[in-house]
>>> print(open('upload_4.txt').read())   # compact mmCIF, C-alpha atoms
# COMPACT_ATOMS: atom_id res chain seq x y z
CA MET V 1 18.73 -37.76 -23.07
CA PRO V 2 19.16 -40.27 -20.23
CA LEU V 3 21.50 -43.06 -21.26
CA PHE V 4 19.00 -45.84 -20.54
CA LYS V 5 15.79 -44.15 -21.66
CA ARG V 6 13.56 -46.45 -23.72
CA ASN V 7 10.74 -45.95 -26.20
CA PRO V 8 7.31 -47.63 -25.75
CA PHE V 9 8.66 -50.82 -27.39
CA GLY V 10 11.53 -51.17 -24.95
CA HIS V 11 14.28 -50.06 -27.33
CA TYR V 12 17.11 -48.04 -25.80
CA LEU V 13 17.06 -44.62 -27.50
CA PHE V 14 20.81 -44.19 -27.11
CA LEU V 15 21.43 -47.39 -29.07
CA LYS V 16 18.72 -46.57 -31.61
CA LYS V 17 20.28 -43.16 -32.26
CA TRP V 18 23.71 -44.65 -32.93
CA LEU V 19 22.29 -47.33 -35.24
CA ILE V 20 20.46 -44.66 -37.26
CA ARG V 21 23.63 -42.57 -37.42
CA ILE V 22 25.78 -45.46 -38.63
CA LEU V 23 23.25 -46.86 -41.10
CA GLY V 24 22.46 -43.34 -42.32
CA VAL V 25 26.10 -42.61 -43.15
CA ILE V 26 26.51 -45.99 -44.86
CA SER V 27 23.36 -45.66 -46.99
CA HIS V 28 23.63 -41.97 -47.89
CA SER V 29 25.57 -42.50 -51.12
CA ARG V 30 22.79 -44.76 -52.44
CA TYR V 31 20.62 -41.67 -52.84
CA ARG V 32 23.24 -38.98 -53.50
CA LYS V 33 26.01 -40.56 -55.62
CA PHE V 34 25.13 -43.89 -57.20
CA ASN V 35 21.66 -42.46 -57.77
CA ASN V 36 20.34 -38.99 -57.05
CA LEU V 37 17.06 -38.89 -55.17
CA GLN V 38 14.76 -36.10 -56.32
CA ILE V 39 12.48 -34.84 -53.53
CA ASP V 40 9.36 -32.72 -53.66
CA GLY V 41 7.29 -31.44 -50.74
CA SER V 42 9.74 -31.87 -47.87
CA GLU V 43 8.59 -28.55 -46.38
CA ILE V 44 5.28 -30.26 -45.53
CA LEU V 45 7.11 -32.37 -42.96
CA ARG V 46 8.12 -29.36 -40.88
CA ASP V 47 4.47 -28.37 -40.41
CA LEU V 48 3.47 -31.72 -38.95
CA PRO V 49 3.05 -32.35 -35.22
CA ASP V 50 5.60 -34.47 -33.37
CA LYS V 51 3.13 -37.33 -32.90
CA ASN V 52 0.00 -38.93 -34.37
CA VAL V 53 1.13 -38.91 -38.01
CA LEU V 54 0.71 -41.83 -40.42
CA PHE V 55 2.61 -41.83 -43.72
CA ILE V 56 1.13 -43.99 -46.48
CA SER V 57 3.19 -44.89 -49.53
CA ASN V 58 3.49 -47.23 -52.47
CA HIS V 59 6.17 -49.87 -51.95
CA GLN V 60 9.06 -50.93 -54.21
CA THR V 61 11.73 -52.61 -52.05
CA TYR V 62 11.83 -54.10 -48.56
CA PHE V 63 14.34 -51.71 -47.00
CA ALA V 64 15.53 -48.97 -49.41
CA ASP V 65 12.15 -47.18 -49.39
CA VAL V 66 12.12 -46.73 -45.62
CA ALA V 67 15.81 -45.80 -45.49
CA ALA V 68 15.24 -43.06 -48.04
CA MET V 69 12.29 -41.71 -46.06
CA LEU V 70 14.36 -41.61 -42.87
CA HIS V 71 16.97 -39.57 -44.74
CA VAL V 72 14.38 -37.18 -46.17
CA PHE V 73 12.48 -36.78 -42.90
CA ASN V 74 15.56 -35.97 -40.86
CA ALA V 75 17.06 -33.72 -43.53
CA SER V 76 13.84 -31.72 -43.76
CA LEU V 77 13.50 -31.38 -39.99
CA SER V 78 17.05 -30.01 -39.88
CA GLY V 79 16.09 -27.28 -42.36
CA ARG V 80 16.94 -28.70 -45.78
CA ASP V 81 14.47 -28.11 -48.60
CA ASP V 82 14.01 -31.08 -50.94
CA SER V 83 17.61 -32.13 -50.35
CA ILE V 84 19.64 -34.68 -48.41
CA LYS V 85 22.94 -32.97 -49.21
CA ASN V 86 25.48 -33.29 -46.39
CA VAL V 87 24.59 -36.24 -44.18
CA GLY V 88 25.32 -34.25 -41.02
CA TYR V 89 21.56 -34.05 -40.40
CA ILE V 90 21.64 -37.69 -39.32
CA TRP V 91 23.66 -36.85 -36.20
CA ASN V 92 20.52 -35.77 -34.37
CA PRO V 93 17.76 -37.97 -35.84
CA LYS V 94 14.11 -37.94 -34.91
CA LEU V 95 13.84 -41.03 -32.73
CA ASN V 96 10.07 -41.51 -32.70
CA ILE V 97 9.79 -42.57 -36.34
CA TYR V 98 8.46 -46.08 -36.89
CA TYR V 99 7.59 -48.23 -39.89
CA VAL V 100 5.22 -51.17 -40.24
CA ALA V 101 6.95 -54.29 -41.59
CA ALA V 102 6.29 -58.00 -41.94
CA GLY V 103 7.64 -59.86 -38.94
CA GLU V 104 9.08 -62.69 -41.02
CA THR V 105 11.08 -60.15 -43.06
CA MET V 106 12.51 -58.44 -40.00
CA ARG V 107 13.49 -61.80 -38.45
CA SER V 108 15.13 -63.17 -41.60
CA GLY V 109 18.74 -62.45 -40.65
CA LEU V 110 21.12 -60.38 -38.56
CA LEU V 111 20.94 -57.27 -40.75
CA PRO V 112 17.10 -57.13 -40.78
CA LYS V 113 17.14 -57.56 -36.99
CA ILE V 114 19.47 -54.58 -36.72
CA PHE V 115 17.19 -52.60 -39.03
CA ALA V 116 14.22 -53.56 -36.88
CA TYR V 117 15.79 -51.86 -33.87
CA THR V 118 15.75 -48.53 -35.72
CA GLY V 119 11.94 -48.44 -35.65
CA SER V 120 10.16 -51.50 -37.00
CA VAL V 121 6.65 -52.26 -35.84
CA SER V 122 6.64 -55.90 -36.89
CA ILE V 123 3.32 -57.56 -37.71
CA ASP V 124 2.24 -60.98 -38.90
CA ARG V 125 0.66 -60.64 -42.34
CA THR V 126 -2.78 -62.19 -42.57
CA TRP V 127 -2.56 -62.94 -46.29
CA ARG V 128 1.01 -64.09 -46.94
CA GLN V 129 3.72 -66.11 -45.20
CA SER V 130 6.94 -67.67 -46.51
CA GLY V 131 5.95 -66.90 -50.09
CA LYS V 132 2.58 -68.66 -49.81
CA ASP V 133 -0.97 -67.33 -49.59
CA VAL V 134 -2.60 -67.74 -46.18
CA ASN V 135 -5.83 -66.60 -44.57
CA ARG V 136 -5.74 -65.89 -40.86
CA GLN V 137 -7.11 -63.47 -38.34
CA VAL V 138 -5.51 -60.14 -37.54
CA LYS V 139 -3.66 -60.21 -34.23
CA ASN V 140 -4.99 -57.64 -31.77
CA SER V 141 -1.46 -57.12 -30.50
CA ASP V 142 -0.37 -56.00 -33.98
CA ILE V 143 -3.12 -53.37 -34.12
CA SER V 144 -2.28 -52.29 -30.60
CA ASN V 145 1.42 -51.89 -31.44
CA ILE V 146 0.67 -49.77 -34.51
CA GLY V 147 -1.58 -47.58 -32.39
CA LYS V 148 1.14 -47.31 -29.76
CA ALA V 149 3.60 -46.14 -32.40
CA ILE V 150 1.16 -43.58 -33.82
CA LYS V 151 0.54 -42.15 -30.36
CA ASP V 152 4.30 -41.88 -29.80
CA GLY V 153 5.37 -40.38 -33.12
CA TRP V 154 5.41 -40.80 -36.90
CA VAL V 155 4.59 -44.13 -38.55
CA ILE V 156 5.33 -45.22 -42.13
CA THR V 157 3.11 -47.89 -43.66
CA PHE V 158 2.74 -49.44 -47.08
CA PRO V 159 -1.00 -50.12 -47.33
CA GLN V 160 -0.73 -52.55 -50.26
CA GLY V 161 1.45 -54.84 -48.15
CA THR V 162 3.55 -55.81 -51.16
CA THR V 163 6.16 -54.40 -53.52
CA THR V 164 4.02 -55.39 -56.52
CA PRO V 165 2.41 -52.26 -58.02
CA PHE V 166 -1.35 -51.73 -58.29
CA LYS V 167 -2.25 -54.41 -55.80
CA PRO V 168 -5.38 -53.69 -53.67
CA ILE V 169 -5.12 -51.57 -50.55
CA ARG V 170 -5.40 -53.67 -47.39
CA ARG V 171 -8.53 -52.79 -45.43
CA GLY V 172 -6.57 -52.88 -42.20
CA THR V 173 -4.94 -49.54 -43.02
CA ALA V 174 -8.36 -47.87 -43.31
CA HIS V 175 -9.46 -49.45 -40.02
CA ILE V 176 -6.32 -48.13 -38.32
CA ILE V 177 -7.03 -44.64 -39.68
CA LYS V 178 -10.61 -44.71 -38.39
CA THR V 179 -9.56 -46.13 -35.02
CA PHE V 180 -6.56 -43.93 -34.16
CA LYS V 181 -7.44 -40.84 -36.27
CA PRO V 182 -3.88 -39.85 -37.26
CA ILE V 183 -2.91 -37.14 -39.70
CA VAL V 184 -2.45 -39.10 -42.94
CA VAL V 185 0.35 -37.96 -45.26
CA PRO V 186 0.70 -39.64 -48.69
CA ILE V 187 4.11 -40.28 -50.27
CA VAL V 188 4.71 -41.46 -53.83
CA ILE V 189 8.07 -43.02 -54.69
CA ASP V 190 9.56 -44.21 -57.94
CA GLY V 191 12.85 -45.56 -59.27
CA PHE V 192 13.72 -47.75 -56.28
CA ARG V 193 12.62 -50.95 -58.00
CA ARG V 194 14.95 -50.22 -60.92
CA SER V 195 17.96 -49.18 -58.87
CA PHE V 196 17.89 -51.81 -56.09
CA ASP V 197 17.21 -55.50 -55.75
CA LYS V 198 13.89 -56.54 -54.23
CA LYS V 199 15.23 -56.38 -50.68
CA GLY V 200 16.72 -52.95 -51.30
CA LEU V 201 20.13 -54.01 -50.04
CA SER V 202 22.11 -54.37 -53.27
CA ILE V 203 22.48 -51.73 -55.97
CA LYS V 204 21.16 -53.28 -59.17
CA LYS V 205 21.66 -50.32 -61.48
CA ARG V 206 23.29 -46.92 -61.14
CA ASN V 207 22.21 -43.55 -62.53
CA VAL V 208 18.52 -44.32 -62.16
CA LEU V 209 16.10 -41.45 -61.67
CA GLN V 210 14.68 -41.86 -58.14
CA SER V 211 11.88 -39.66 -56.85
CA MET V 212 9.91 -39.05 -53.66
CA VAL V 213 6.88 -36.79 -53.61
CA ILE V 214 5.42 -35.84 -50.23
CA LYS V 215 1.83 -34.66 -50.50
CA GLU V 216 -0.41 -32.56 -48.28
CA PRO V 217 -2.28 -34.48 -45.56
CA LEU V 218 -5.51 -36.13 -46.64
CA GLU V 219 -8.82 -34.64 -45.57
CA ILE V 220 -10.63 -37.48 -43.82
CA ASP V 221 -13.93 -37.50 -41.96
CA TYR V 222 -12.97 -40.14 -39.41
CA GLU V 223 -16.49 -40.55 -38.08
CA ASN V 224 -18.59 -40.55 -41.24
CA GLU V 225 -16.41 -41.93 -44.04
CA ASP V 226 -16.50 -45.71 -44.30
CA VAL V 227 -13.59 -48.04 -44.94
CA SER V 228 -14.19 -48.29 -48.68
CA GLU V 229 -14.19 -44.49 -49.06
CA ILE V 230 -10.92 -44.18 -47.18
CA ILE V 231 -9.40 -46.97 -49.30
CA THR V 232 -10.33 -45.10 -52.47
CA LYS V 233 -8.72 -41.94 -51.12
CA ILE V 234 -5.54 -43.88 -50.33
CA GLU V 235 -5.46 -45.45 -53.81
CA PHE V 236 -5.60 -42.07 -55.51
CA ALA V 237 -3.24 -40.39 -53.02
CA ILE V 238 -0.41 -42.89 -53.54
CA GLU V 239 -1.25 -43.19 -57.25
CA GLN V 240 -2.16 -46.86 -57.09
CA HIS V 241 -5.80 -46.60 -58.16
CA PRO V 242 -6.57 -48.79 -61.20
CA SER V 243 -7.21 -45.64 -63.24
CA PHE V 244 -3.46 -44.90 -63.07
CA LEU V 245 -2.67 -48.20 -64.73
CA LYS V 246 -2.28 -47.80 -68.47
CA VAL V 247 -1.59 -50.80 -70.66
CA LEU V 248 1.15 -49.82 -73.08
CA SER V 249 1.61 -51.27 -76.52
CA PRO V 250 5.10 -52.63 -77.34
CA GLU V 251 5.82 -49.45 -79.31
CA GLU V 252 4.70 -47.23 -76.43
CA ALA V 253 6.70 -49.28 -73.94
CA GLU V 254 9.87 -49.00 -76.07
CA LYS V 255 9.41 -45.24 -76.43
CA TYR V 256 8.87 -44.91 -72.67
CA LEU V 257 12.08 -46.79 -71.92
CA GLU V 258 14.03 -44.69 -74.42
CA GLU V 259 12.72 -41.47 -72.85
CA GLU V 260 13.54 -42.74 -69.35
CA GLU V 261 17.08 -43.66 -70.41
CA GLU V 262 17.54 -40.20 -71.92
CA LEU V 263 16.36 -38.60 -68.68
CA ASN V 264 18.83 -40.71 -66.72
CA LYS V 265 21.68 -39.56 -68.97
CA GLN V 266 20.84 -35.96 -68.20
CA ARG V 267 21.33 -36.45 -64.46
CA THR V 268 24.54 -35.27 -62.85
CA PHE V 269 25.11 -37.74 -60.07
CA TRP V 270 28.49 -36.73 -58.73
CA SER V 271 27.89 -32.98 -58.52
CA SER V 272 26.97 -31.15 -55.33
>>> encode(input="upload_4.txt", output="structure tokens")
Amino acid sequence: MPLFKRNPFGHYLFLKKWLIRILGVISHSRYRKFNNLQIDGSEILRDLPDKNVLFISNHQTYFADVAAMLHVFNASLSGRDDSIKNVGYIWNPKLNIYYVAAGETMRSGLLPKIFAYTGSVSIDRTWRQSGKDVNRQVKNSDISNIGKAIKDGWVITFPQGTTTPFKPIRRGTAHIIKTFKPIVVPIVIDGFRRSFDKKGLSIKKRNVLQSMVIKEPLEIDYENEDVSEIITKIEFAIEQHPSFLKVLSPEEAEKYLEEEEELNKQRTFWSS
């Protein structure tokens, strides 16, 4: 790889590779020691093309979700099945992986700016800014940049645009799917909200059961399915459709928490 080769966003690939290596080594224990990430479906990743893939997922923290996916993606591509054991896979990372993130989040400090260099496609949210509701037009440059990233590689997006569960899917994701026609791969994550703070930088609780399920690509008729139909497919695929939401009684909630705590006790977090 030429020393000064850049990606379509002007980032030097040599620098990006070293940032991913360093951050990958630093963050690895978050998913292997303090908590043990359970993975299902990583073999699906090896059957995907090198470009034109869009990953859709529910969202629980600002940064830990994406970091975990980068670990899983690179581990799978290096031959590991549902495992991120031995962080050596991060030495030769896939460099054309991107993730869609709010611009204000990625500009909020030195560390987010460093994270952004590893693959952020920063956009200005049309519905939220600085913790307040807003209503503004989508920037054409944001759509163009997401399309540029899809054409160059793999893109991760969180179509609800928030870490709050069961919020509506943003229509923009469906429009992007119809416009750029990527292969759409759903991912369902859990346990990140309980183990990390909202930003995903600090460990809030150890020995939490974390999971990541990678599903088969969605079957989408890009020409004939409308936006609302695609949104419904996304809701079910990432398990955020209202039908998944069950209101628990206090007794049911207490039982659920007891069962979850028992499951966490059964985990062996420091074993190989």
>>> axis_aligned_box(input="upload_4.txt", around="range 7-21 of chain V", padding_each_side="8 Å", output="AutoDock Vina command-line options")
--center_x 15.5 --center_y -46.9 --center_z -31.2 --size_x 32.4 --size_y 24.6 --size_z 28.5
>>> residues_around(input="upload_4.txt", residues="range 43-45 of chain V", least_positions_apart="4", cutoff="10 Å", atoms="all atoms listed in the file", output="tab-separated table (two decimals) with C-alpha atoms, in the frame of the given file")
chain	number	residue	atom	x	y	z
V	49	PRO	CA	3.05	-32.35	-35.22
V	50	ASP	CA	5.60	-34.47	-33.37
V	72	VAL	CA	14.38	-37.18	-46.17
V	73	PHE	CA	12.48	-36.78	-42.90
V	74	ASN	CA	15.56	-35.97	-40.86
V	76	SER	CA	13.84	-31.72	-43.76
V	77	LEU	CA	13.50	-31.38	-39.99
V	79	GLY	CA	16.09	-27.28	-42.36
V	80	ARG	CA	16.94	-28.70	-45.78
V	81	ASP	CA	14.47	-28.11	-48.60
V	82	ASP	CA	14.01	-31.08	-50.94
V	185	VAL	CA	0.35	-37.96	-45.26
V	214	ILE	CA	5.42	-35.84	-50.23
V	215	LYS	CA	1.83	-34.66	-50.50
V	216	GLU	CA	-0.41	-32.56	-48.28
V	217	PRO	CA	-2.28	-34.48	-45.56
>>> residues_around(input="upload_4.txt", residues="Ile56 in chain V", least_positions_apart="4", cutoff="6 Å", atoms="only C-alpha atoms", output="number ranges by chain")
V: 157-158, 186
>>> closest_residue(input="upload_4.txt", among="V:Phe63, V:Ile84, V:Asp152, V:His241", to="Asn36 in chain V", atoms="all atoms listed in the file")
V:Ile84
>>> residues_near_point(input="upload_4.txt", point="(-16.0, -45.0, -46.5)", cutoff="12 Å", atoms="all atoms listed in the file", output="VMD selection string")
chain V and resid 171 174 to 175 177 to 178 220 to 234
>>> residues_around(input="upload_4.txt", residues="Gly161 in chain V", least_positions_apart="2", cutoff="8 Å", atoms="all atoms listed in the file", output="NGL selection string")
:V and (59 or 158-159 or 163 or 169-170)
>>> atom_distance(input="upload_4.txt", atom1="CA of Tyr99 in chain V", atom2="CA of Ser122 in chain V")
8.3 Å
>>> residues_around(input="upload_4.txt", residues="range 86-92 of chain V", least_positions_apart="3", cutoff="7 Å", atoms="all atoms listed in the file", output="PyMOL selection string")
chain V and resi 21+24-25+28+74-75+78
>>> closest_residue(input="upload_4.txt", among="V:Lys167, V:Arg30, V:Lys51, V:Lys148", to="Ile203 in chain V", atoms="only C-alpha atoms")
V:Arg30
>>> closest_residue(input="upload_4.txt", among="V:Ile114, V:Leu54, V:Leu37, V:Asp47", to="Lys85 in chain V", atoms="all atoms listed in the file")
V:Leu37
>>> atom_distance(input="upload_4.txt", atom1="CA of Val184 in chain V", atom2="CA of Ala102 in chain V")
20.8 Å
>>> atom_distance(input="upload_4.txt", atom1="CA of Ile189 in chain V", atom2="CA of Val213 in chain V")
6.4 Å
>>> closest_residue(input="upload_4.txt", among="V:Leu111, V:Ala149, V:Leu23, V:Ala68", to="Gly10 in chain V", atoms="only C-alpha atoms")
V:Ala149
>>> residues_around(input="upload_4.txt", residues="Lys151 in chain V", least_positions_apart="4", cutoff="9 Å", atoms="all atoms listed in the file", output="list in words")
Lys51, Asn52, Val53, Ile146, Gly147, Phe180 and Pro182 of chain V
>>> residues_near_point(input="upload_4.txt", point="(23.8, -47.0, -60.4)", cutoff="6 Å", atoms="only C-alpha atoms", output="CSV table (one decimal) with C-alpha atoms, in the coordinates of the input")
chain,number,residue,atom,x,y,z
V,34,PHE,CA,25.1,-43.9,-57.2
V,35,ASN,CA,21.7,-42.5,-57.8
V,205,LYS,CA,21.7,-50.3,-61.5
V,206,ARG,CA,23.3,-46.9,-61.1
V,207,ASN,CA,22.2,-43.6,-62.5
>>> closest_residue(input="upload_4.txt", among="V:Lys17, V:Lys94, V:Met69, V:Ser120", to="Lys5 in chain V", atoms="all atoms listed in the file")
V:Lys17
>>> closest_residue(input="upload_4.txt", among="V:Ile20, V:Leu209, V:Leu95, V:Val121", to="Ala67 in chain V", atoms="all atoms listed in the file")
V:Ile20
